[in-house]
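Chemist: My structure file coords-v8.pdb, PDB, C-alpha atoms (C1' of nucleotides), is below:
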ATOM      1  CA  MET A   1     149.390  10.215 167.756
ATOM      2  CA  ALA A   2     151.515  11.952 170.346
ATOM      3  CA  ALA A   3     151.615   8.632 172.176
ATOM      4  CA  LEU A   4     153.811   7.219 169.418
ATOM      5  CA  ALA A   5     156.167  10.192 169.479
ATOM      6  CA  ASP A   6     158.283   8.628 172.199
ATOM      7  CA  PRO A   7     160.669   5.908 170.997
ATOM      8  CA  THR A   8     160.393   3.917 174.221
ATOM      9  CA  ARG A   9     156.650   3.743 173.724
ATOM     10  CA  VAL A  10     157.068   2.468 170.183
ATOM     11  CA  GLU A  11     159.365  -0.223 171.520
ATOM     12  CA  ILE A  12     156.843  -1.196 174.131
ATOM     13  CA  VAL A  13     154.178  -1.572 171.480
ATOM     14  CA  ASP A  14     156.582  -3.587 169.346
ATOM     15  CA  ARG A  15     157.221  -5.800 172.316
ATOM     16  CA  LEU A  16     153.528  -6.220 173.016
ATOM     17  CA  SER A  17     152.886  -7.207 169.437
ATOM     18  CA  ALA A  18     154.635 -10.469 170.285
ATOM     19  CA  GLY A  19     152.010 -11.177 172.910
ATOM     20  CA  PRO A  20     150.605  -9.868 176.204
ATOM     21  CA  ALA A  21     153.002  -9.155 179.020
ATOM     22  CA  SER A  22     152.932  -8.043 182.613
ATOM     23  CA  VAL A  23     154.460  -4.748 183.648
ATOM     24  CA  THR A  24     157.322  -6.560 185.342
ATOM     25  CA  GLU A  25     158.028  -8.564 182.199
ATOM     26  CA  LEU A  26     158.052  -5.397 180.126
ATOM     27  CA  ALA A  27     160.290  -3.629 182.608
ATOM     28  CA  GLY A  28     162.827  -6.428 182.204
ATOM     29  CA  ASP A  29     163.381  -5.391 178.605
ATOM     30  CA  PHE A  30     164.067  -1.734 179.225
ATOM     31  CA  PRO A  31     166.869   0.091 181.008
ATOM     32  CA  MET A  32     164.358   1.865 183.146
ATOM     33  CA  SER A  33     162.609   1.470 186.455
ATOM     34  CA  LEU A  34     159.378  -0.511 186.594
ATOM     35  CA  ARG A  35     157.617   2.685 187.533
ATOM     36  CA  GLY A  36     158.905   4.379 184.411
ATOM     37  CA  VAL A  37     157.637   1.607 182.187
ATOM     38  CA  LEU A  38     154.294   1.666 183.942
ATOM     39  CA  LYS A  39     153.945   5.342 183.157
ATOM     40  CA  HIS A  40     154.499   4.707 179.471
ATOM     41  CA  VAL A  41     151.968   1.898 179.557
ATOM     42  CA  HIS A  42     149.518   4.312 181.103
ATOM     43  CA  VAL A  43     150.067   6.843 178.339
ATOM     44  CA  LEU A  44     149.519   4.147 175.740
ATOM     45  CA  GLU A  45     146.388   3.055 177.555
ATOM     46  CA  ASP A  46     145.015   6.599 177.684
ATOM     47  CA  ALA A  47     145.672   6.871 173.957
ATOM     48  CA  GLY A  48     143.652   3.698 173.515
ATOM     49  CA  LEU A  49     146.536   1.792 171.956
ATOM     50  CA  VAL A  50     146.819  -0.839 174.643
ATOM     51  CA  HIS A  51     144.449  -2.424 177.103
ATOM     52  CA  THR A  52     145.473  -3.501 180.581
ATOM     53  CA  GLN A  53     143.730  -5.357 183.314
ATOM     54  CA  LYS A  54     144.754  -6.546 186.693
ATOM     55  CA  ARG A  55     144.448 -10.185 187.642
ATOM     56  CA  GLY A  56     145.459 -10.693 191.193
ATOM     57  CA  ARG A  57     148.491  -8.569 191.753
ATOM     58  CA  VAL A  58     149.671  -8.750 188.124
ATOM     59  CA  ARG A  59     148.668  -6.195 185.493
ATOM     60  CA  GLN A  60     148.548  -7.752 182.065
ATOM     61  CA  CYS A  61     149.071  -5.478 179.051
ATOM     62  CA  GLN A  62     147.954  -6.234 175.514
ATOM     63  CA  LEU A  63     147.598  -4.365 172.246
ATOM     64  CA  ARG A  64     144.353  -3.078 170.836
ATOM     65  CA  PRO A  65     144.613  -3.577 167.096
ATOM     66  CA  THR A  66     141.504  -1.564 166.287
ATOM     67  CA  ALA A  67     142.864   1.639 167.798
ATOM     68  CA  LEU A  68     146.139   1.007 166.040
ATOM     69  CA  ALA A  69     144.363   0.817 162.708
ATOM     70  CA  ALA A  70     142.531   4.056 163.510
ATOM     71  CA  THR A  71     145.829   5.852 163.967
ATOM     72  CA  ALA A  72     147.162   4.506 160.692
ATOM     73  CA  ARG A  73     143.941   5.569 158.977
ATOM     74  CA  TRP A  74     144.296   9.074 160.376
ATOM     75  CA  LEU A  75     147.750   9.411 158.847
ATOM     76  CA  GLU A  76     146.690   7.862 155.537
ATOM     77  CA  GLU A  77     143.788  10.257 155.164
ATOM     78  CA  ARG A  78     146.097  13.182 155.630
ATOM     79  CA  ARG A  79     148.706  11.785 153.318
ATOM     80  CA  HIS A  80     146.159  11.375 150.578
ATOM     81  CA  ARG A  81     144.858  14.886 151.021
ATOM     82  CA  TRP A  82     148.378  16.289 151.053
ATOM     83  CA  GLU A  83     149.488  14.400 147.984
ATOM     84  CA  ARG A  84     146.340  15.124 146.014
ATOM     85  CA  ARG A  85     146.673  18.849 146.533
ATOM     86  CA  LEU A  86     150.349  18.696 145.742
ATOM     87  CA  ASP A  87     149.818  17.136 142.345
ATOM     88  CA  HIS A  88     149.661  20.437 140.517
ATOM     89  CA  LEU A  89     152.876  21.580 142.131
ATOM     90  CA  GLU A  90     155.009  18.737 140.911
ATOM     91  CA  ASP A  91     156.870  20.610 138.221
ATOM     92  CA  TYR A  92     157.547  23.441 140.627
ATOM     93  CA  LEU A  93     158.974  20.928 143.078
ATOM     94  CA  ARG A  94     161.098  19.314 140.401
ATOM     95  CA  ASP A  95     162.859  22.632 139.998
ATOM     96  CA  ASN A  96     163.494  23.381 143.650
ATOM     97  CA  ASP A  97     163.721  20.020 145.420
ATOM     98  CA  GLU A  98     166.666  18.539 143.562
ATOM     99  CA  GLU A  99     168.435  17.387 146.739
ATOM    100  CA  SER A 100     166.379  14.332 147.670
ATOM    101  CA  SER A 101     167.678  14.025 151.236
TER     102      SER A 101
ATOM    103  CA  MET B   1     157.072  11.182 163.699
ATOM    104  CA  ALA B   2     157.404  13.334 166.786
ATOM    105  CA  ALA B   3     157.126  16.326 164.467
ATOM    106  CA  LEU B   4     153.481  15.469 163.880
ATOM    107  CA  ALA B   5     152.746  15.131 167.581
ATOM    108  CA  ASP B   6     151.982  18.832 167.941
ATOM    109  CA  PRO B   7     148.542  19.898 166.656
ATOM    110  CA  THR B   8     149.776  23.302 165.534
ATOM    111  CA  ARG B   9     152.324  21.579 163.351
ATOM    112  CA  VAL B  10     149.707  19.362 161.786
ATOM    113  CA  GLU B  11     147.678  22.476 160.998
ATOM    114  CA  ILE B  12     150.680  24.104 159.400
ATOM    115  CA  VAL B  13     151.198  21.086 157.195
ATOM    116  CA  ASP B  14     147.496  21.100 156.324
ATOM    117  CA  ARG B  15     147.811  24.730 155.393
ATOM    118  CA  LEU B  16     150.884  24.107 153.272
ATOM    119  CA  SER B  17     149.141  21.336 151.414
ATOM    120  CA  ALA B  18     147.097  24.092 149.773
ATOM    121  CA  GLY B  19     150.270  25.562 148.345
ATOM    122  CA  PRO B  20     153.548  27.205 149.375
ATOM    123  CA  ALA B  21     153.411  30.120 151.783
ATOM    124  CA  SER B  22     155.765  32.589 153.396
ATOM    125  CA  VAL B  23     156.282  32.570 157.142
ATOM    126  CA  THR B  24     154.310  35.792 157.467
ATOM    127  CA  GLU B  25     151.410  34.314 155.521
ATOM    128  CA  LEU B  26     151.440  31.264 157.754
ATOM    129  CA  ALA B  27     151.619  33.384 160.886
ATOM    130  CA  GLY B  28     148.471  35.180 159.786
ATOM    131  CA  ASP B  29     146.511  31.967 160.223
ATOM    132  CA  PHE B  30     147.597  31.177 163.742
ATOM    133  CA  PRO B  31     147.000  32.903 167.091
ATOM    134  CA  MET B  32     150.703  32.983 167.664
ATOM    135  CA  SER B  33     153.668  35.228 167.099
ATOM    136  CA  LEU B  34     155.535  35.021 163.801
ATOM    137  CA  ARG B  35     158.533  33.759 165.726
ATOM    138  CA  GLY B  36     156.472  30.962 167.203
ATOM    139  CA  VAL B  37     155.306  29.833 163.790
ATOM    140  CA  LEU B  38     158.839  30.017 162.457
ATOM    141  CA  LYS B  39     159.988  27.678 165.180
ATOM    142  CA  HIS B  40     157.389  25.115 164.202
ATOM    143  CA  VAL B  41     158.403  25.454 160.579
ATOM    144  CA  HIS B  42     161.958  24.770 161.612
ATOM    145  CA  VAL B  43     160.969  21.602 163.457
ATOM    146  CA  LEU B  44     159.072  20.431 160.390
ATOM    147  CA  GLU B  45     162.069  21.228 158.228
ATOM    148  CA  ASP B  46     164.432  19.306 160.511
ATOM    149  CA  ALA B  47     162.046  16.378 160.303
ATOM    150  CA  GLY B  48     162.253  16.621 156.537
ATOM    151  CA  LEU B  49     158.543  17.210 156.131
ATOM    152  CA  VAL B  50     158.809  20.676 154.616
ATOM    153  CA  HIS B  51     161.374  22.495 152.561
ATOM    154  CA  THR B  52     162.042  26.205 152.897
ATOM    155  CA  GLN B  53     164.189  28.619 151.002
ATOM    156  CA  LYS B  54     164.749  32.309 151.226
ATOM    157  CA  ARG B  55     164.221  34.540 148.231
ATOM    158  CA  GLY B  56     165.146  38.049 149.088
ATOM    159  CA  ARG B  57     163.817  38.729 152.522
ATOM    160  CA  VAL B  58     160.946  36.239 152.240
ATOM    161  CA  ARG B  59     161.228  32.617 153.299
ATOM    162  CA  GLN B  60     158.964  30.397 151.258
ATOM    163  CA  CYS B  61     157.761  27.134 152.806
ATOM    164  CA  GLN B  62     156.513  24.122 150.904
ATOM    165  CA  LEU B  63     155.711  20.488 151.609
ATOM    166  CA  ARG B  64     157.922  17.565 150.705
ATOM    167  CA  PRO B  65     155.532  14.810 149.699
ATOM    168  CA  THR B  66     158.211  12.116 149.586
ATOM    169  CA  ALA B  67     159.103  12.459 153.252
ATOM    170  CA  LEU B  68     155.426  12.536 154.059
ATOM    171  CA  ALA B  69     154.909   9.252 152.293
ATOM    172  CA  ALA B  70     157.886   7.807 154.129
ATOM    173  CA  THR B  71     156.268   8.613 157.449
ATOM    174  CA  ALA B  72     153.019   6.995 156.407
ATOM    175  CA  ARG B  73     154.932   3.934 155.221
ATOM    176  CA  TRP B  74     156.690   3.711 158.570
ATOM    177  CA  LEU B  75     153.385   3.561 160.389
ATOM    178  CA  GLU B  76     151.848   1.142 157.901
ATOM    179  CA  GLU B  77     154.734  -1.284 158.247
ATOM    180  CA  ARG B  78     154.324  -1.330 161.974
ATOM    181  CA  ARG B  79     150.584  -1.675 161.760
ATOM    182  CA  HIS B  80     150.930  -4.704 159.507
ATOM    183  CA  ARG B  81     153.453  -6.333 161.793
ATOM    184  CA  TRP B  82     151.304  -5.645 164.818
ATOM    185  CA  GLU B  83     148.133  -6.951 163.257
ATOM    186  CA  ARG B  84     149.748 -10.039 161.776
ATOM    187  CA  ARG B  85     151.162 -11.105 165.109
ATOM    188  CA  LEU B  86     147.887 -10.383 166.815
ATOM    189  CA  ASP B  87     145.919 -12.683 164.570
ATOM    190  CA  HIS B  88     146.352 -15.722 166.776
ATOM    191  CA  LEU B  89     145.204 -13.779 169.800
ATOM    192  CA  GLU B  90     141.840 -12.813 168.441
ATOM    193  CA  ASP B  91     139.779 -15.234 170.451
ATOM    194  CA  TYR B  92     141.649 -14.266 173.585
ATOM    195  CA  LEU B  93     140.863 -10.641 172.857
ATOM    196  CA  ARG B  94     137.218 -11.406 172.236
ATOM    197  CA  ASP B  95     137.007 -12.685 175.799
ATOM    198  CA  ASN B  96     138.723  -9.810 177.537
ATOM    199  CA  ASP B  97     138.117  -6.754 175.389
ATOM    200  CA  GLU B  98     134.346  -6.640 175.577
ATOM    201  CA  GLU B  99     134.251  -2.937 176.425
ATOM    202  CA  SER B 100     135.071  -1.409 173.011
ATOM    203  CA  SER B 101     135.843   2.100 174.304
TER     204      SER B 101
ATOM    205  C1'  DT C   1     168.506  57.732 151.366
ATOM    206  C1'  DC C   2     165.039  56.251 154.556
ATOM    207  C1'  DA C   3     161.301  53.956 156.279
ATOM    208  C1'  DA C   4     158.870  49.849 156.312
ATOM    209  C1'  DT C   5     158.937  44.817 155.779
ATOM    210  C1'  DA C   6     160.432  40.027 156.771
ATOM    211  C1'  DC C   7     162.869  37.447 158.961
ATOM    212  C1'  DT C   8     166.633  35.912 162.722
ATOM    213  C1'  DG C   9     169.403  35.448 167.243
ATOM    214  C1'  DA C  10     169.337  35.445 171.918
ATOM    215  C1'  DA C  11     167.433  35.287 176.165
ATOM    216  C1'  DC C  12     163.834  34.142 178.765
ATOM    217  C1'  DC C  13     159.508  31.840 181.003
ATOM    218  C1'  DA C  14     155.986  28.394 182.096
ATOM    219  C1'  DA C  15     154.363  24.030 181.397
ATOM    220  C1'  DT C  16     154.928  19.472 180.169
ATOM    221  C1'  DG C  17     157.099  15.048 180.198
ATOM    222  C1'  DA C  18     160.475  11.451 181.119
ATOM    223  C1'  DG C  19     162.399   9.485 184.682
ATOM    224  C1'  DT C  20     163.577   8.701 189.549
ATOM    225  C1'  DT C  21     162.928   7.293 194.631
ATOM    226  C1'  DC C  22     160.417   5.869 198.572
ATOM    227  C1'  DA C  23     156.822   4.449 201.170
ATOM    228  C1'  DG C  24     152.855   2.098 200.853
ATOM    229  C1'  DT C  25     149.011  -1.756 199.755
ATOM    230  C1'  DA C  26     147.204  -5.944 198.004
ATOM    231  C1'  DA C  27     147.916 -10.786 196.661
ATOM    232  C1'  DC C  28     150.720 -15.111 196.805
ATOM    233  C1'  DA C  29     153.311 -18.843 198.610
ATOM    234  C1'  DT C  30     154.953 -21.350 202.353
TER     235       DT C  30
ATOM    236  C1'  DA D   1     151.008 -15.510 209.832
ATOM    237  C1'  DT D   2     154.657 -13.689 207.287
ATOM    238  C1'  DG D   3     157.819 -12.636 203.984
ATOM    239  C1'  DT D   4     158.073 -11.800 199.059
ATOM    240  C1'  DT D   5     156.199 -10.141 194.848
ATOM    241  C1'  DA D   6     153.820  -6.784 191.901
ATOM    242  C1'  DC D   7     152.097  -2.950 191.475
ATOM    243  C1'  DT D   8     150.581   2.173 192.954
ATOM    244  C1'  DG D   9     150.608   7.122 194.889
ATOM    245  C1'  DA D  10     153.059  10.981 195.796
ATOM    246  C1'  DA D  11     156.661  13.973 195.464
ATOM    247  C1'  DC D  12     160.649  15.343 193.261
ATOM    248  C1'  DT D  13     164.433  16.384 189.591
ATOM    249  C1'  DC D  14     165.878  17.636 185.156
ATOM    250  C1'  DA D  15     165.540  18.417 180.230
ATOM    251  C1'  DT D  16     162.707  19.621 176.593
ATOM    252  C1'  DT D  17     159.317  22.256 174.374
ATOM    253  C1'  DG D  18     155.911  25.752 173.177
ATOM    254  C1'  DG D  19     155.738  30.208 173.423
ATOM    255  C1'  DT D  20     157.081  35.009 174.301
ATOM    256  C1'  DT D  21     159.737  39.617 173.697
ATOM    257  C1'  DC D  22     163.250  42.614 172.031
ATOM    258  C1'  DA D  23     166.893  44.031 169.508
ATOM    259  C1'  DG D  24     169.115  43.298 165.402
ATOM    260  C1'  DT D  25     170.100  42.570 160.007
ATOM    261  C1'  DA D  26     168.990  42.404 155.307
ATOM    262  C1'  DT D  27     165.744  43.592 151.475
ATOM    263  C1'  DT D  28     162.521  46.350 149.261
ATOM    264  C1'  DG D  29     160.044  50.389 147.648
ATOM    265  C1'  DA D  30     159.272  55.272 147.429
TER     266       DA D  30
END
Spell out the structure here as structure tokens.

Modeler:
Amino acid sequence: MAALADPTRVEIVDRLSAGPASVTELAGDFPMSLRGVLKHVHVLEDAGLVHTQKRGRVRQCQLRPTALAATARWLEERRHRWERRLDHLEDYLRDNDEESS
Amino acid sequence: MAALADPTRVEIVDRLSAGPASVTELAGDFPMSLRGVLKHVHVLEDAGLVHTQKRGRVRQCQLRPTALAATARWLEERRHRWERRLDHLEDYLRDNDEESS
DNA sequence: TCAATACTGAACCAATGAGTTCAGTAACAT
DNA sequence: ATGTTACTGAACTCATTGGTTCAGTATTGA
């Protein structure tokens, strides 16, 4: 969850959703050193969101859809719980939450 | 999104899903100073996830279900995009992602 | 009025995290 | 064999963040 807190990381995942890429290829798309990108990839890998493996001297990165779904499920569960418990407060909210920003 | 990266903040939201609470009430549930809790509440408020308002000397905090749903929608959109684009890679993944950890 | 309550502002600290550079090491290509 | 490519380890900087304390200020209740 915290892995998706950083906008650069979200972009990397977006990028990877178009297909696997090497670290160098990824680095080409970001205004950041290759080392910086690699660090983000590592964070994403630790979080289980991407899988990498080295072939020769090139490290290929790809998404792991299952872990992605798990994260979405985590949020959905919470959302449901939150909304269910909030049902009986709706009229109270209608009074105090006029500004919908 | 980054607002939900901190576990304490998630707990606070969980707590608030049971009903509105004052800062002091919230602080009672966490091994943290009142000031610390207040800071988290502020982050959540800036993120639009909770709404607070002061009545007298007490600041009441409550959830904003709409913003919560928006966050969930954000993640769901991405998940769908990611999974759709990954469809044609499934066989490739089956070869290289044997270890399901 | 006066003491207690509930929060707030400001200043501070330690730890984390994003990002860098530089000096490697391993694999390719010629 | 050698230069280039692609990554890695280590060390460092800088900003942010989680958290604290302390001294207010405003509200409430007796």

Chemist: Quick one: superpose chain B onto chain A using all C-alpha atoms paired in order, least squares, and give it to me as a PDB file with C-alpha atoms, keeping the file's coordinate frame.

Modeler:
ATOM      1  CA  MET B   1     149.510  10.120 167.716  1.00  0.00           C
ATOM      2  CA  ALA B   2     151.676  11.863 170.274  1.00  0.00           C
ATOM      3  CA  ALA B   3     151.744   8.563 172.148  1.00  0.00           C
ATOM      4  CA  LEU B   4     153.912   7.105 169.402  1.00  0.00           C
ATOM      5  CA  ALA B   5     156.317  10.032 169.458  1.00  0.00           C
ATOM      6  CA  ASP B   6     158.437   8.457 172.186  1.00  0.00           C
ATOM      7  CA  PRO B   7     160.775   5.673 171.002  1.00  0.00           C
ATOM      8  CA  THR B   8     160.470   3.739 174.248  1.00  0.00           C
ATOM      9  CA  ARG B   9     156.734   3.618 173.740  1.00  0.00           C
ATOM     10  CA  VAL B  10     157.103   2.317 170.221  1.00  0.00           C
ATOM     11  CA  GLU B  11     159.368  -0.418 171.571  1.00  0.00           C
ATOM     12  CA  ILE B  12     156.812  -1.330 174.188  1.00  0.00           C
ATOM     13  CA  VAL B  13     154.149  -1.661 171.535  1.00  0.00           C
ATOM     14  CA  ASP B  14     156.527  -3.747 169.424  1.00  0.00           C
ATOM     15  CA  ARG B  15     157.108  -5.959 172.409  1.00  0.00           C
ATOM     16  CA  LEU B  16     153.403  -6.309 173.100  1.00  0.00           C
ATOM     17  CA  SER B  17     152.746  -7.292 169.526  1.00  0.00           C
ATOM     18  CA  ALA B  18     154.440 -10.582 170.406  1.00  0.00           C
ATOM     19  CA  GLY B  19     151.785 -11.223 173.016  1.00  0.00           C
ATOM     20  CA  PRO B  20     150.418  -9.873 176.305  1.00  0.00           C
ATOM     21  CA  ALA B  21     152.860  -9.191 179.113  1.00  0.00           C
ATOM     22  CA  SER B  22     152.810  -8.056 182.712  1.00  0.00           C
ATOM     23  CA  VAL B  23     154.396  -4.768 183.701  1.00  0.00           C
ATOM     24  CA  THR B  24     157.248  -6.611 185.388  1.00  0.00           C
ATOM     25  CA  GLU B  25     157.899  -8.648 182.256  1.00  0.00           C
ATOM     26  CA  LEU B  26     157.954  -5.485 180.187  1.00  0.00           C
ATOM     27  CA  ALA B  27     160.250  -3.747 182.647  1.00  0.00           C
ATOM     28  CA  GLY B  28     162.728  -6.585 182.256  1.00  0.00           C
ATOM     29  CA  ASP B  29     163.295  -5.565 178.651  1.00  0.00           C
ATOM     30  CA  PHE B  30     164.045  -1.924 179.259  1.00  0.00           C
ATOM     31  CA  PRO B  31     166.907  -0.125 181.026  1.00  0.00           C
ATOM     32  CA  MET B  32     164.404   1.676 183.157  1.00  0.00           C
ATOM     33  CA  SER B  33     162.649   1.337 186.467  1.00  0.00           C
ATOM     34  CA  LEU B  34     159.393  -0.606 186.635  1.00  0.00           C
ATOM     35  CA  ARG B  35     157.661   2.627 187.550  1.00  0.00           C
ATOM     36  CA  GLY B  36     159.009   4.288 184.439  1.00  0.00           C
ATOM     37  CA  VAL B  37     157.680   1.530 182.223  1.00  0.00           C
ATOM     38  CA  LEU B  38     154.333   1.652 183.978  1.00  0.00           C
ATOM     39  CA  LYS B  39     154.050   5.325 183.182  1.00  0.00           C
ATOM     40  CA  HIS B  40     154.591   4.664 179.501  1.00  0.00           C
ATOM     41  CA  VAL B  41     152.014   1.904 179.608  1.00  0.00           C
ATOM     42  CA  HIS B  42     149.592   4.358 181.119  1.00  0.00           C
ATOM     43  CA  VAL B  43     150.179   6.877 178.339  1.00  0.00           C
ATOM     44  CA  LEU B  44     149.578   4.153 175.771  1.00  0.00           C
ATOM     45  CA  GLU B  45     146.425   3.131 177.588  1.00  0.00           C
ATOM     46  CA  ASP B  46     145.130   6.709 177.691  1.00  0.00           C
ATOM     47  CA  ALA B  47     145.784   6.918 173.971  1.00  0.00           C
ATOM     48  CA  GLY B  48     143.714   3.784 173.545  1.00  0.00           C
ATOM     49  CA  LEU B  49     146.553   1.831 171.996  1.00  0.00           C
ATOM     50  CA  VAL B  50     146.803  -0.810 174.706  1.00  0.00           C
ATOM     51  CA  HIS B  51     144.408  -2.342 177.161  1.00  0.00           C
ATOM     52  CA  THR B  52     145.421  -3.413 180.646  1.00  0.00           C
ATOM     53  CA  GLN B  53     143.647  -5.223 183.404  1.00  0.00           C
ATOM     54  CA  LYS B  54     144.676  -6.418 186.794  1.00  0.00           C
ATOM     55  CA  ARG B  55     144.300 -10.041 187.775  1.00  0.00           C
ATOM     56  CA  GLY B  56     145.320 -10.502 191.331  1.00  0.00           C
ATOM     57  CA  ARG B  57     148.408  -8.451 191.864  1.00  0.00           C
ATOM     58  CA  VAL B  58     149.553  -8.671 188.236  1.00  0.00           C
ATOM     59  CA  ARG B  59     148.585  -6.137 185.597  1.00  0.00           C
ATOM     60  CA  GLN B  60     148.429  -7.699 182.168  1.00  0.00           C
ATOM     61  CA  CYS B  61     148.988  -5.463 179.139  1.00  0.00           C
ATOM     62  CA  GLN B  62     147.841  -6.196 175.618  1.00  0.00           C
ATOM     63  CA  LEU B  63     147.510  -4.349 172.329  1.00  0.00           C
ATOM     64  CA  ARG B  64     144.277  -3.024 170.901  1.00  0.00           C
ATOM     65  CA  PRO B  65     144.573  -3.549 167.166  1.00  0.00           C
ATOM     66  CA  THR B  66     141.484  -1.499 166.330  1.00  0.00           C
ATOM     67  CA  ALA B  67     142.872   1.705 167.800  1.00  0.00           C
ATOM     68  CA  LEU B  68     146.144   0.984 166.082  1.00  0.00           C
ATOM     69  CA  ALA B  69     144.410   0.749 162.749  1.00  0.00           C
ATOM     70  CA  ALA B  70     142.581   3.979 163.484  1.00  0.00           C
ATOM     71  CA  THR B  71     145.875   5.775 163.946  1.00  0.00           C
ATOM     72  CA  ALA B  72     147.223   4.415 160.691  1.00  0.00           C
ATOM     73  CA  ARG B  73     144.017   5.457 158.937  1.00  0.00           C
ATOM     74  CA  TRP B  74     144.368   8.961 160.335  1.00  0.00           C
ATOM     75  CA  LEU B  75     147.810   9.309 158.823  1.00  0.00           C
ATOM     76  CA  GLU B  76     146.788   7.732 155.526  1.00  0.00           C
ATOM     77  CA  GLU B  77     143.882  10.122 155.110  1.00  0.00           C
ATOM     78  CA  ARG B  78     146.158  13.064 155.584  1.00  0.00           C
ATOM     79  CA  ARG B  79     148.783  11.659 153.285  1.00  0.00           C
ATOM     80  CA  HIS B  80     146.223  11.230 150.522  1.00  0.00           C
ATOM     81  CA  ARG B  81     144.913  14.744 150.953  1.00  0.00           C
ATOM     82  CA  TRP B  82     148.415  16.151 150.980  1.00  0.00           C
ATOM     83  CA  GLU B  83     149.540  14.258 147.922  1.00  0.00           C
ATOM     84  CA  ARG B  84     146.396  14.959 145.931  1.00  0.00           C
ATOM     85  CA  ARG B  85     146.696  18.685 146.447  1.00  0.00           C
ATOM     86  CA  LEU B  86     150.372  18.576 145.651  1.00  0.00           C
ATOM     87  CA  ASP B  87     149.852  16.990 142.272  1.00  0.00           C
ATOM     88  CA  HIS B  88     149.589  20.274 140.419  1.00  0.00           C
ATOM     89  CA  LEU B  89     152.779  21.510 142.011  1.00  0.00           C
ATOM     90  CA  GLU B  90     154.984  18.736 140.770  1.00  0.00           C
ATOM     91  CA  ASP B  91     156.751  20.675 138.074  1.00  0.00           C
ATOM     92  CA  TYR B  92     157.334  23.531 140.474  1.00  0.00           C
ATOM     93  CA  LEU B  93     158.865  21.084 142.914  1.00  0.00           C
ATOM     94  CA  ARG B  94     161.049  19.559 140.238  1.00  0.00           C
ATOM     95  CA  ASP B  95     162.638  22.969 139.766  1.00  0.00           C
ATOM     96  CA  ASN B  96     163.290  23.798 143.388  1.00  0.00           C
ATOM     97  CA  ASP B  97     163.723  20.491 145.175  1.00  0.00           C
ATOM     98  CA  GLU B  98     166.752  19.209 143.317  1.00  0.00           C
ATOM     99  CA  GLU B  99     168.619  18.282 146.494  1.00  0.00           C
ATOM    100  CA  SER B 100     166.732  15.112 147.523  1.00  0.00           C
ATOM    101  CA  SER B 101     168.101  14.954 151.084  1.00  0.00           C
TER     102      SER B 101
END

Chemist: Residues picked by the PyMOL selection byres ((chain B) within 12 of (chain C)) here, as a PyMOL selection string?

Modeler: chain B and resi 22-25+27+34-35+37-39+53-60

Chemist: Take the residues from that selection and put them in a file with C-alpha atoms, as a PDB file, keeping the file's coordinate frame.

Modeler:
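The file below, result37.pdb, is the result:
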ATOM      1  CA  SER B  22     155.765  32.589 153.396  1.00  0.00           C
ATOM      2  CA  VAL B  23     156.282  32.570 157.142  1.00  0.00           C
ATOM      3  CA  THR B  24     154.310  35.792 157.467  1.00  0.00           C
ATOM      4  CA  GLU B  25     151.410  34.314 155.521  1.00  0.00           C
ATOM      5  CA  ALA B  27     151.619  33.384 160.886  1.00  0.00           C
ATOM      6  CA  LEU B  34     155.535  35.021 163.801  1.00  0.00           C
ATOM      7  CA  ARG B  35     158.533  33.759 165.726  1.00  0.00           C
ATOM      8  CA  VAL B  37     155.306  29.833 163.790  1.00  0.00           C
ATOM      9  CA  LEU B  38     158.839  30.017 162.457  1.00  0.00           C
ATOM     10  CA  LYS B  39     159.988  27.678 165.180  1.00  0.00           C
ATOM     11  CA  GLN B  53     164.189  28.619 151.002  1.00  0.00           C
ATOM     12  CA  LYS B  54     164.749  32.309 151.226  1.00  0.00           C
ATOM     13  CA  ARG B  55     164.221  34.540 148.231  1.00  0.00           C
ATOM     14  CA  GLY B  56     165.146  38.049 149.088  1.00  0.00           C
ATOM     15  CA  ARG B  57     163.817  38.729 152.522  1.00  0.00           C
ATOM     16  CA  VAL B  58     160.946  36.239 152.240  1.00  0.00           C
ATOM     17  CA  ARG B  59     161.228  32.617 153.299  1.00  0.00           C
ATOM     18  CA  GLN B  60     158.964  30.397 151.258  1.00  0.00           C
TER      19      GLN B  60
END

Chemist: Excluding Pro65 (chain A) and residues on its chain fewer than 5 positions from it, collect all residues at most 9 Å away from it, counting only C-alpha atoms (C1' of nucleotides), and give them as a list in words.

Modeler: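 Counting only the stated atoms, we get Leu49, Val50 and Ala70 of chain A; Arg79, Trp82, Glu83 and Leu86 of chain B.
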
Chemist: Report as a PyMOL selection string the full result of the PyMOL selection byres ((chain A) within 9 of (chain B)) when it is applied to this structure.

Modeler: chain A and resi 1-6+13-14+16-19+48+51+53+62-65+68-69+71-72+75-76+78-79+81-86+89+93+97+100-101

Chemist: Can you turn the PyMOL selection byres ((chain D) within 12 of (chain A)) into a concrete residue list for this file, as a list in words?

Modeler: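 Evaluating the PyMOL selection byres ((chain D) within 12 of (chain A)) on these coordinates yields DT5, DA6, DC7, DT8 and DG9 of chain D.
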
Chemist: Those residues you just picked out, can you put them in a file as a CSV table (one decimal), in the coordinates of the input with C-alpha atoms (C1' of nucleotides)?

Modeler:
chain,number,residue,atom,x,y,z
D,5,DT,C1',156.2,-10.1,194.8
D,6,DA,C1',153.8,-6.8,191.9
D,7,DC,C1',152.1,-3.0,191.5
D,8,DT,C1',150.6,2.2,193.0
D,9,DG,C1',150.6,7.1,194.9

Chemist: Just give me the gap between CA of Gly36 (chain B) and C1' of DA26 (chain D) in Å, one decimal is fine.

Modeler: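 Answer for the CA of Gly36 (chain B) to C1' of DA26 (chain D) separation: 20.7 Å.
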
Chemist: Distance CA of Ser33 (chain A)-CA of Glu45 (chain A), one decimal place?

Modeler: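 Atom-to-atom, CA of Ser33 (chain A) to CA of Glu45 (chain A), that is 18.6 Å.
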